[in-house]
file data_34.cif (mmCIF, C-alpha atoms)
data_start
loop_
_atom_site.group_PDB
_atom_site.id
_atom_site.type_symbol
_atom_site.label_atom_id
_atom_site.label_comp_id
_atom_site.auth_asym_id
_atom_site.auth_seq_id
_atom_site.Cartn_x
_atom_site.Cartn_y
_atom_site.Cartn_z
ATOM 1 C CA MET A 1 -14.180 14.390 39.656
ATOM 2 C CA ASN A 2 -14.511 10.764 40.809
ATOM 3 C CA ASN A 3 -11.630 8.334 41.258
ATOM 4 C CA GLU A 4 -12.408 6.485 38.028
ATOM 5 C CA ALA A 5 -12.119 9.680 35.980
ATOM 6 C CA VAL A 6 -8.874 10.576 37.758
ATOM 7 C CA ASN A 7 -7.432 7.140 36.976
ATOM 8 C CA VAL A 8 -8.362 7.507 33.306
ATOM 9 C CA LEU A 9 -6.648 10.904 33.147
ATOM 10 C CA GLN A 10 -3.567 9.481 34.844
ATOM 11 C CA HIS A 11 -3.438 6.669 32.305
ATOM 12 C CA PHE A 12 -3.689 9.138 29.430
ATOM 13 C CA GLU A 13 -0.924 11.258 30.948
ATOM 14 C CA GLU A 14 1.264 8.189 31.361
ATOM 15 C CA LEU A 15 0.568 7.112 27.766
ATOM 16 C CA ARG A 16 1.323 10.623 26.512
ATOM 17 C CA LYS A 17 4.612 10.589 28.426
ATOM 18 C CA ARG A 18 5.647 7.233 26.939
ATOM 19 C CA LEU A 19 4.711 8.296 23.391
ATOM 20 C CA MET A 20 6.669 11.536 23.742
ATOM 21 C CA ILE A 21 9.758 9.609 24.876
ATOM 22 C CA ILE A 22 9.424 7.239 21.909
ATOM 23 C CA ALA A 23 9.009 10.174 19.511
ATOM 24 C CA ALA A 24 12.016 11.986 20.998
ATOM 25 C CA VAL A 25 14.211 8.885 20.718
ATOM 26 C CA PHE A 26 13.088 8.330 17.112
ATOM 27 C CA ILE A 27 13.909 11.945 16.195
ATOM 28 C CA ALA A 28 17.318 11.644 17.865
ATOM 29 C CA PHE A 29 18.134 8.456 15.944
ATOM 30 C CA LEU A 30 16.807 10.087 12.752
ATOM 31 C CA ALA A 31 19.210 12.999 13.192
ATOM 32 C CA ILE A 32 22.117 10.609 13.835
ATOM 33 C CA SER A 33 21.143 8.504 10.816
ATOM 34 C CA PHE A 34 21.292 11.564 8.561
ATOM 35 C CA ILE A 35 24.978 11.921 9.431
ATOM 36 C CA PHE A 36 25.705 8.475 7.972
ATOM 37 C CA VAL A 37 22.956 8.314 5.335
ATOM 38 C CA SER A 38 25.350 8.921 2.445
ATOM 39 C CA ASP A 39 27.455 5.919 3.516
ATOM 40 C CA ILE A 40 24.288 3.826 3.896
ATOM 41 C CA TYR A 41 23.189 4.807 0.388
ATOM 42 C CA GLN A 42 26.569 3.929 -1.132
ATOM 43 C CA TRP A 43 26.521 0.528 0.587
ATOM 44 C CA LEU A 44 23.017 -0.259 -0.700
ATOM 45 C CA VAL A 45 23.822 0.567 -4.331
ATOM 46 C CA ARG A 46 27.337 -0.902 -4.385
ATOM 47 C CA ASP A 47 26.387 -4.092 -6.290
ATOM 48 C CA LEU A 48 23.785 -2.683 -8.674
ATOM 49 C CA ASP A 49 24.351 -3.423 -12.352
ATOM 50 C CA PHE A 50 22.596 -0.232 -13.378
ATOM 51 C CA LYS A 51 22.797 3.443 -12.548
ATOM 52 C CA LEU A 52 20.074 5.185 -10.617
ATOM 53 C CA ALA A 53 18.775 8.517 -11.881
ATOM 54 C CA VAL A 54 17.123 11.409 -10.112
ATOM 55 C CA LEU A 55 14.464 13.644 -11.647
ATOM 56 C CA GLY A 56 14.924 16.520 -9.253
ATOM 57 C CA PRO A 57 16.740 17.709 -6.105
ATOM 58 C CA SER A 58 13.757 16.883 -3.893
ATOM 59 C CA GLU A 59 14.032 13.217 -4.881
ATOM 60 C CA ILE A 60 17.487 12.999 -3.317
ATOM 61 C CA LEU A 61 16.170 14.459 -0.072
ATOM 62 C CA TRP A 62 13.232 12.020 -0.075
ATOM 63 C CA VAL A 63 15.543 9.004 -0.514
ATOM 64 C CA TYR A 64 17.873 10.196 2.244
ATOM 65 C CA PHE A 65 14.936 10.771 4.573
ATOM 66 C CA MET A 66 13.502 7.329 3.800
ATOM 67 C CA LEU A 67 16.803 5.549 4.479
ATOM 68 C CA ALA A 68 17.404 7.496 7.682
ATOM 69 C CA SER A 69 13.844 6.758 8.833
ATOM 70 C CA VAL A 70 14.255 2.994 8.404
ATOM 71 C CA VAL A 71 17.488 3.046 10.418
ATOM 72 C CA ALA A 72 15.851 5.217 13.095
ATOM 73 C CA ILE A 73 12.838 2.880 13.337
ATOM 74 C CA ALA A 74 15.103 -0.140 13.788
ATOM 75 C CA ALA A 75 17.185 1.617 16.442
ATOM 76 C CA ALA A 76 14.140 2.911 18.312
ATOM 77 C CA ILE A 77 12.314 -0.442 18.528
ATOM 78 C CA PRO A 78 13.960 -1.597 21.814
ATOM 79 C CA VAL A 79 13.234 1.789 23.404
ATOM 80 C CA ALA A 80 9.634 1.764 22.161
ATOM 81 C CA ALA A 81 9.128 -1.788 23.439
ATOM 82 C CA HIS A 82 10.581 -0.834 26.832
ATOM 83 C CA GLN A 83 8.317 2.224 27.091
ATOM 84 C CA ILE A 84 5.273 0.094 26.256
ATOM 85 C CA TRP A 85 6.399 -2.377 28.917
ATOM 86 C CA LEU A 86 6.681 0.448 31.467
ATOM 87 C CA PHE A 87 3.151 1.582 30.559
ATOM 88 C CA VAL A 88 1.535 -1.846 31.019
ATOM 89 C CA ARG A 89 3.797 -2.946 33.916
ATOM 90 C CA PRO A 90 1.392 -1.918 36.727
ATOM 91 C CA ALA A 91 -1.244 -4.310 35.332
ATOM 92 C CA LEU A 92 1.143 -7.279 35.138
ATOM 93 C CA THR A 93 2.080 -9.843 37.742
ATOM 94 C CA GLY A 94 5.691 -10.357 38.782
ATOM 95 C CA MET A 95 6.134 -13.288 36.417
ATOM 96 C CA GLU A 96 4.445 -11.467 33.541
ATOM 97 C CA LYS A 97 6.770 -8.482 34.021
ATOM 98 C CA LYS A 98 9.837 -10.724 33.672
ATOM 99 C CA VAL A 99 8.390 -12.509 30.637
ATOM 100 C CA ALA A 100 7.465 -9.259 28.872
ATOM 101 C CA LEU A 101 10.878 -7.714 29.548
ATOM 102 C CA SER A 102 12.685 -10.780 28.188
ATOM 103 C CA TYR A 103 10.949 -10.383 24.810
ATOM 104 C CA ILE A 104 12.278 -6.864 24.140
ATOM 105 C CA PRO A 105 15.685 -7.928 22.685
ATOM 106 C CA ALA A 106 13.900 -10.485 20.480
ATOM 107 C CA LEU A 107 11.743 -7.732 18.929
ATOM 108 C CA PHE A 108 14.843 -5.872 17.746
ATOM 109 C CA PHE A 109 16.573 -9.027 16.525
ATOM 110 C CA LEU A 110 13.541 -10.238 14.558
ATOM 111 C CA PHE A 111 12.971 -6.807 13.004
ATOM 112 C CA ILE A 112 16.541 -6.793 11.690
ATOM 113 C CA THR A 113 16.150 -10.421 10.559
ATOM 114 C CA GLY A 114 12.980 -9.542 8.655
ATOM 115 C CA ILE A 115 14.667 -6.585 6.948
ATOM 116 C CA ALA A 116 17.648 -8.781 6.043
ATOM 117 C CA PHE A 117 15.358 -11.532 4.704
ATOM 118 C CA GLY A 118 13.556 -9.069 2.463
ATOM 119 C CA TYR A 119 16.723 -7.368 1.257
ATOM 120 C CA PHE A 120 19.139 -10.260 0.773
ATOM 121 C CA ILE A 121 16.734 -13.035 -0.273
ATOM 122 C CA LEU A 122 13.468 -11.697 -1.658
ATOM 123 C CA LEU A 123 14.724 -8.521 -3.330
ATOM 124 C CA PRO A 124 17.277 -10.237 -5.628
ATOM 125 C CA LEU A 125 14.749 -12.940 -6.598
ATOM 126 C CA VAL A 126 11.978 -10.499 -7.431
ATOM 127 C CA LEU A 127 14.264 -7.942 -9.104
ATOM 128 C CA ASN A 128 16.005 -10.555 -11.277
ATOM 129 C CA PHE A 129 12.661 -12.024 -12.294
ATOM 130 C CA LEU A 130 11.259 -8.654 -13.292
ATOM 131 C CA MET A 131 14.451 -7.725 -15.168
ATOM 132 C CA ALA A 132 14.338 -11.048 -17.018
ATOM 133 C CA LEU A 133 10.803 -10.257 -18.187
ATOM 134 C CA SER A 134 12.002 -7.150 -19.985
ATOM 135 C CA GLY A 135 14.691 -9.046 -21.888
ATOM 136 C CA ASP A 136 15.881 -7.050 -24.886
ATOM 137 C CA MET A 137 12.531 -5.358 -25.382
ATOM 138 C CA PHE A 138 13.101 -2.524 -22.925
ATOM 139 C CA THR A 139 15.911 -0.339 -21.704
ATOM 140 C CA ALA A 140 15.878 -0.369 -17.925
ATOM 141 C CA PHE A 141 15.782 3.112 -16.452
ATOM 142 C CA PHE A 142 15.428 3.348 -12.680
ATOM 143 C CA THR A 143 14.924 6.537 -10.754
ATOM 144 C CA THR A 144 16.350 6.565 -7.260
ATOM 145 C CA GLU A 145 12.929 7.224 -5.741
ATOM 146 C CA LYS A 146 11.163 4.382 -7.562
ATOM 147 C CA TYR A 147 13.960 1.906 -6.853
ATOM 148 C CA PHE A 148 14.057 2.598 -3.121
ATOM 149 C CA GLN A 149 10.261 2.557 -2.916
ATOM 150 C CA PHE A 150 10.486 -0.907 -4.444
ATOM 151 C CA VAL A 151 13.149 -1.912 -1.906
ATOM 152 C CA LEU A 152 11.119 -0.483 0.948
ATOM 153 C CA HIS A 153 7.998 -2.442 -0.042
ATOM 154 C CA LEU A 154 9.958 -5.703 -0.015
ATOM 155 C CA THR A 155 11.856 -5.155 3.232
ATOM 156 C CA LEU A 156 10.126 -2.948 5.813
ATOM 157 C CA PRO A 157 6.880 -5.004 6.040
ATOM 158 C CA PHE A 158 8.962 -8.093 6.788
ATOM 159 C CA GLY A 159 10.698 -6.271 9.616
ATOM 160 C CA PHE A 160 7.354 -5.924 11.382
ATOM 161 C CA LEU A 161 5.866 -9.244 10.251
ATOM 162 C CA PHE A 162 8.881 -11.187 11.543
ATOM 163 C CA GLU A 163 7.975 -9.939 15.022
ATOM 164 C CA LEU A 164 4.735 -11.931 14.856
ATOM 165 C CA PRO A 165 6.179 -14.980 16.709
ATOM 166 C CA VAL A 166 7.334 -12.851 19.652
ATOM 167 C CA VAL A 167 4.001 -11.027 19.871
ATOM 168 C CA ILE A 168 2.081 -14.308 19.794
ATOM 169 C CA MET A 169 4.394 -15.895 22.378
ATOM 170 C CA PHE A 170 3.933 -12.889 24.650
ATOM 171 C CA LEU A 171 0.142 -12.938 24.313
ATOM 172 C CA THR A 172 0.172 -16.692 24.950
ATOM 173 C CA SER A 173 2.240 -16.126 28.103
ATOM 174 C CA LEU A 174 -0.385 -13.656 29.307
ATOM 175 C CA GLY A 175 -3.197 -16.105 28.546
ATOM 176 C CA ILE A 176 -4.759 -13.842 25.908
ATOM 177 C CA LEU A 177 -4.055 -16.308 23.092
ATOM 178 C CA ASN A 178 -3.528 -20.049 22.888
ATOM 179 C CA PRO A 179 -2.472 -22.342 20.033
ATOM 180 C CA TYR A 180 -5.969 -23.765 19.648
ATOM 181 C CA SER A 181 -7.523 -20.367 19.010
ATOM 182 C CA LEU A 182 -4.743 -19.654 16.505
ATOM 183 C CA GLN A 183 -5.534 -22.906 14.731
ATOM 184 C CA ARG A 184 -9.230 -22.027 14.595
ATOM 185 C CA ILE A 185 -8.570 -18.687 12.926
ATOM 186 C CA ARG A 186 -5.903 -20.110 10.597
ATOM 187 C CA LYS A 187 -7.926 -19.608 7.396
ATOM 188 C CA TYR A 188 -8.680 -15.981 8.296
ATOM 189 C CA ALA A 189 -5.029 -15.369 9.185
ATOM 190 C CA TYR A 190 -3.976 -16.894 5.859
ATOM 191 C CA PHE A 191 -6.363 -14.600 4.022
ATOM 192 C CA VAL A 192 -4.975 -11.507 5.793
ATOM 193 C CA LEU A 193 -1.369 -12.550 5.128
ATOM 194 C CA ILE A 194 -2.098 -13.185 1.445
ATOM 195 C CA VAL A 195 -3.693 -9.736 1.158
ATOM 196 C CA VAL A 196 -0.641 -8.201 2.851
ATOM 197 C CA ALA A 197 1.672 -10.046 0.451
ATOM 198 C CA ILE A 198 -0.266 -8.754 -2.562
ATOM 199 C CA LEU A 199 -0.248 -5.189 -1.239
ATOM 200 C CA VAL A 200 3.491 -5.015 -0.505
ATOM 201 C CA THR A 201 4.772 -6.691 -3.665
ATOM 202 C CA PRO A 202 4.930 -5.583 -7.297
ATOM 203 C CA PRO A 203 1.862 -6.579 -9.370
ATOM 204 C CA ASP A 204 3.068 -9.963 -10.604
ATOM 205 C CA PHE A 205 2.109 -13.482 -9.588
ATOM 206 C CA ILE A 206 5.638 -14.773 -8.876
ATOM 207 C CA SER A 207 6.421 -11.957 -6.448
ATOM 208 C CA ASP A 208 3.161 -12.620 -4.616
ATOM 209 C CA ILE A 209 4.046 -16.314 -4.223
ATOM 210 C CA LEU A 210 7.612 -15.563 -3.074
ATOM 211 C CA VAL A 211 6.298 -13.273 -0.347
ATOM 212 C CA THR A 212 3.184 -15.252 0.645
ATOM 213 C CA LEU A 213 4.972 -18.531 1.376
ATOM 214 C CA PRO A 214 7.360 -17.082 4.028
ATOM 215 C CA LEU A 215 4.450 -15.291 5.692
ATOM 216 C CA LEU A 216 2.403 -18.496 5.946
ATOM 217 C CA LEU A 217 5.436 -20.372 7.307
ATOM 218 C CA LEU A 218 5.931 -17.554 9.803
ATOM 219 C CA TYR A 219 2.365 -17.950 11.027
ATOM 220 C CA GLU A 220 2.768 -21.715 11.402
ATOM 221 C CA ALA A 221 6.009 -21.166 13.311
ATOM 222 C CA SER A 222 4.132 -18.754 15.580
ATOM 223 C CA VAL A 223 1.463 -21.399 16.246
ATOM 224 C CA SER A 224 4.144 -23.964 17.115
ATOM 225 C CA LEU A 225 5.919 -21.552 19.475
ATOM 226 C CA SER A 226 2.583 -20.668 21.056
ATOM 227 C CA LYS A 227 1.966 -24.371 21.663
ATOM 228 C CA ILE A 228 5.337 -24.705 23.420
ATOM 229 C CA ILE A 229 4.653 -21.699 25.665
ATOM 230 C CA TYR A 230 1.105 -22.877 26.368
ATOM 231 C CA THR A 231 2.246 -26.404 27.288
ATOM 232 C CA ARG A 232 4.934 -25.089 29.648
ATOM 233 C CA LYS A 233 2.421 -22.768 31.268
ATOM 234 C CA GLN A 234 -0.052 -25.626 31.771
ATOM 235 C CA LYS A 235 2.672 -27.795 33.342
ATOM 236 C CA LYS A 236 3.684 -25.022 35.755
ATOM 237 C CA GLN A 237 0.084 -24.490 36.783
ATOM 238 C CA ALA A 238 -0.345 -28.237 37.343
ATOM 239 C CA VAL A 239 2.749 -28.343 39.568
ATOM 240 C CA LEU A 240 1.524 -25.380 41.618
ATOM 241 C CA GLN A 241 -1.846 -27.029 42.136
#
call {"tool": "encode", "arguments": {"input": "data_34.cif", "output": "structure tokens"}}
result
Amino acid sequence: MNNEAVNVLQHFEELRKRLMIIAAVFIAFLAISFIFVSDIYQWLVRDLDFKLAVLGPSEILWVYFMLASVVAIAAAIPVAAHQIWLFVRPALTGMEKKVALSYIPALFFLFITGIAFGYFILLPLVLNFLMALSGDMFTAFFTTEKYFQFVLHLTLPFGFLFELPVVIMFLTSLGILNPYSLQRIRKYAYFVLIVVAILVTPPDFISDILVTLPLLLLYEASVSLSKIIYTRKQKKQAVLQ
């Protein structure tokens, strides 16, 4: 076996090790979350004006598992980011290692911010709009599973999408992206974000608009942050030369 094949195997072993650590941490947080999942559920439904119904015992288990999974994902993000950093660290320069490590806390913070944005801002707007459409024509009857699926679709995607600025800043720091390339692909990025908004929202036009606008603003913010990082990098390189 030549050296190149050995290196590939070593990389796969290292990747497998990192993925197993991430999976183990996620399972540990999932188990811990199940201890408090009842309290989490009660907090989430505390202000609802309607009662949630269940159609079977399995539905309760599904809701508990879903809530515990979201908490476990949020808690595991810093660990996952650190493991990814450890995997790519040998290929990074000293400065790139410091830059990559500094972004890890931001990933967790932005994930929580995205979840909070979806839950506290978008969810009430969309839910109130949809309830207003029914008026006196329908009697609202929500199952626990359907309601939390609805909540999940309006919150979890934003947790990941809100990390876009950090990812773009990191890739700009590494020289993989720059603000000018982001500007060139703007129309394609807009198209992808609009498709994402349509997929994660209920099938009504207002919900699509309410979700699309923040995503487009998020992309523009990412471009602006990329420009700042790119300009600073160019200045540092000019000083060194």
call {"tool": "closest_atom_pairs", "arguments": {"input": "data_34.cif", "of": "range 145-178 of chain A", "to": "range 99-111 of chain A", "cutoff": "6 Å", "atoms": "only C-alpha atoms", "output": "CSV"}}
result
residue,atom,partner,partner_atom,distance
A:Gly159,CA,A:Phe111,CA,4.1
A:Phe160,CA,A:Phe111,CA,5.9
A:Phe162,CA,A:Leu110,CA,5.6
A:Glu163,CA,A:Leu110,CA,5.6
call {"tool": "closest_residue", "arguments": {"input": "data_34.cif", "among": "A:Phe170, A:Val79, A:Tyr64, A:Phe26", "to": "Asp39 in chain A", "atoms": "all atoms listed in the file"}}
result
A:Tyr64
call {"tool": "closest_residue", "arguments": {"input": "data_34.cif", "among": "A:Leu30, A:Ile35, A:Glu14, A:Met137", "to": "Arg89 in chain A", "atoms": "only C-alpha atoms"}}
result
A:Glu14
call {"tool": "atom_distance", "arguments": {"input": "data_34.cif", "atom1": "CA of Ala31 in chain A", "atom2": "CA of Ala72 in chain A"}}
result
8.5 Å
call {"tool": "resolve_selection", "arguments": {"input": "data_34.cif", "expression": "the PyMOL selection byres ((chain A and resi 214) around 10)", "output": "JSON, numbers by chain"}}
result
{"A": [117, 122, 158, 162, 193, 197, 209, 210, 211, 212, 213, 215, 216, 217, 218, 219, 220]}
call {"tool": "residues_around", "arguments": {"input": "data_34.cif", "residues": "range 149-152 of chain A", "least_positions_apart": "3", "cutoff": "8 Å", "atoms": "only C-alpha atoms", "output": "PyMOL selection string"}}
result
chain A and resi 119+123+145-146+155-156+202
call {"tool": "atom_distance", "arguments": {"input": "data_34.cif", "atom1": "CA of Leu127 in chain A", "atom2": "CA of Val195 in chain A"}}
result
20.8 Å
call {"tool": "atom_distance", "arguments": {"input": "data_34.cif", "atom1": "CA of Lys235 in chain A", "atom2": "CA of Lys187 in chain A"}}
result
29.2 Å
call {"tool": "closest_residue", "arguments": {"input": "data_34.cif", "among": "A:Met169, A:Val37, A:Ile185, A:Ile176", "to": "Ile60 in chain A", "atoms": "all atoms listed in the file"}}
result
A:Val37
call {"tool": "residues_around", "arguments": {"input": "data_34.cif", "residues": "Phe87 in chain A", "least_positions_apart": "2", "cutoff": "8 Å", "atoms": "all atoms listed in the file", "output": "compact mmCIF listing (two decimals) with C-alpha atoms, in the frame of the given file"}}
result
# COMPACT_ATOMS: atom_id res chain seq x y z
CA GLU A 14 1.26 8.19 31.36
CA LEU A 15 0.57 7.11 27.77
CA ARG A 18 5.65 7.23 26.94
CA GLN A 83 8.32 2.22 27.09
CA ILE A 84 5.27 0.09 26.26
CA TRP A 85 6.40 -2.38 28.92
CA ARG A 89 3.80 -2.95 33.92
CA PRO A 90 1.39 -1.92 36.73
call {"tool": "closest_residue", "arguments": {"input": "data_34.cif", "among": "A:Leu61, A:Met66, A:Ala91, A:Val239", "to": "Phe148 in chain A", "atoms": "all atoms listed in the file"}}
result
A:Met66
call {"tool": "resolve_selection", "arguments": {"input": "data_34.cif", "expression": "the PyMOL selection byres ((chain A and resi 25) around 12)", "output": "list in words"}}
result
Arg18, Leu19, Met20, Ile21, Ile22, Ala23, Ala24, Phe26, Ile27, Ala28, Phe29, Leu30, Ala31, Ile32, Ala72, Ile73, Ala74, Ala75, Ala76, Ile77, Pro78, Val79, Ala80 and Gln83 of chain A
call {"tool": "closest_residue", "arguments": {"input": "data_34.cif", "among": "A:Ala189, A:Val200, A:Ala221, A:Leu125", "to": "Val166 in chain A", "atoms": "all atoms listed in the file"}}
result
A:Ala221
call {"tool": "closest_residue", "arguments": {"input": "data_34.cif", "among": "A:Leu199, A:Asp208, A:Ile115, A:Ile229", "to": "Pro165 in chain A", "atoms": "all atoms listed in the file"}}
result
A:Ile229
call {"tool": "decode", "arguments": {"input": "data_34.cif", "residues": "range 139-149 of chain A", "atoms": "all heavy atoms", "output": "short mmCIF file (atom, residue, chain, number, x, y, z; two decimals), in the first residue's frame"}}
result
data_model
loop_
_atom_site.label_atom_id
_atom_site.label_comp_id
_atom_site.auth_asym_id
_atom_site.auth_seq_id
_atom_site.Cartn_x
_atom_site.Cartn_y
_atom_site.Cartn_z
N THR A 139 -63.96 25.34 13.33
CA THR A 139 -63.56 25.13 14.72
C THR A 139 -62.12 24.60 14.71
O THR A 139 -61.85 23.55 14.13
CB THR A 139 -64.47 24.11 15.42
OG1 THR A 139 -65.80 24.61 15.42
CG2 THR A 139 -64.01 23.87 16.85
N ALA A 140 -61.24 25.36 15.31
CA ALA A 140 -59.83 24.97 15.30
C ALA A 140 -59.62 23.75 16.19
O ALA A 140 -60.05 23.71 17.34
CB ALA A 140 -58.97 26.13 15.79
N PHE A 141 -58.98 22.75 15.61
CA PHE A 141 -58.67 21.53 16.35
C PHE A 141 -57.25 21.13 16.00
O PHE A 141 -56.96 20.75 14.87
CB PHE A 141 -59.65 20.42 15.96
CG PHE A 141 -59.38 19.11 16.67
CD1 PHE A 141 -59.83 18.90 17.96
CD2 PHE A 141 -58.68 18.09 16.04
CE1 PHE A 141 -59.60 17.70 18.62
CE2 PHE A 141 -58.43 16.89 16.69
CZ PHE A 141 -58.89 16.69 17.98
N PHE A 142 -56.34 21.28 16.95
CA PHE A 142 -54.93 21.03 16.70
C PHE A 142 -54.49 19.76 17.42
O PHE A 142 -54.69 19.64 18.64
CB PHE A 142 -54.06 22.19 17.19
CG PHE A 142 -54.29 23.48 16.45
CD1 PHE A 142 -55.25 24.37 16.87
CD2 PHE A 142 -53.54 23.78 15.33
CE1 PHE A 142 -55.45 25.56 16.19
CE2 PHE A 142 -53.73 24.96 14.65
CZ PHE A 142 -54.69 25.85 15.06
N THR A 143 -53.89 18.86 16.68
CA THR A 143 -53.24 17.73 17.35
C THR A 143 -51.84 18.17 17.76
O THR A 143 -51.24 19.06 17.15
CB THR A 143 -53.15 16.50 16.44
OG1 THR A 143 -52.25 16.77 15.36
CG2 THR A 143 -54.51 16.11 15.90
N THR A 144 -51.34 17.56 18.80
CA THR A 144 -50.01 17.92 19.30
C THR A 144 -48.95 17.71 18.23
O THR A 144 -48.05 18.54 18.05
CB THR A 144 -49.68 17.07 20.54
OG1 THR A 144 -50.73 17.21 21.49
CG2 THR A 144 -48.37 17.51 21.17
N GLU A 145 -49.06 16.61 17.49
CA GLU A 145 -48.07 16.30 16.46
C GLU A 145 -48.07 17.34 15.36
O GLU A 145 -47.02 17.86 14.97
CB GLU A 145 -48.34 14.91 15.87
CG GLU A 145 -47.33 14.52 14.79
CD GLU A 145 -47.62 13.15 14.21
OE1 GLU A 145 -48.60 12.51 14.62
OE2 GLU A 145 -46.86 12.73 13.32
N LYS A 146 -49.26 17.69 14.85
CA LYS A 146 -49.35 18.65 13.75
C LYS A 146 -48.88 20.03 14.19
O LYS A 146 -48.21 20.75 13.44
CB LYS A 146 -50.79 18.73 13.23
CG LYS A 146 -51.28 17.47 12.52
CD LYS A 146 -50.49 17.23 11.25
CE LYS A 146 -51.02 16.03 10.49
NZ LYS A 146 -50.23 15.72 9.28
N TYR A 147 -49.23 20.42 15.41
CA TYR A 147 -48.84 21.74 15.89
C TYR A 147 -47.32 21.85 16.01
O TYR A 147 -46.72 22.83 15.55
CB TYR A 147 -49.48 22.04 17.25
CG TYR A 147 -48.99 23.32 17.86
CD1 TYR A 147 -49.43 24.56 17.39
CD2 TYR A 147 -48.05 23.32 18.90
CE1 TYR A 147 -48.96 25.75 17.93
CE2 TYR A 147 -47.58 24.50 19.45
CZ TYR A 147 -48.04 25.71 18.96
OH TYR A 147 -47.57 26.88 19.49
N PHE A 148 -46.69 20.84 16.59
CA PHE A 148 -45.24 20.93 16.78
C PHE A 148 -44.48 20.71 15.48
O PHE A 148 -43.35 21.18 15.33
CB PHE A 148 -44.78 19.97 17.88
CG PHE A 148 -44.98 20.53 19.26
CD1 PHE A 148 -46.03 20.12 20.05
CD2 PHE A 148 -44.13 21.51 19.74
CE1 PHE A 148 -46.23 20.66 21.30
CE2 PHE A 148 -44.30 22.06 21.00
CZ PHE A 148 -45.37 21.64 21.79
N GLN A 149 -45.07 19.99 14.52
CA GLN A 149 -44.48 19.94 13.19
C GLN A 149 -44.48 21.33 12.57
O GLN A 149 -43.50 21.75 11.93
CB GLN A 149 -45.26 18.97 12.30
CG GLN A 149 -44.92 17.52 12.52
CD GLN A 149 -45.69 16.61 11.58
OE1 GLN A 149 -46.65 17.03 10.92
NE2 GLN A 149 -45.30 15.35 11.51
#
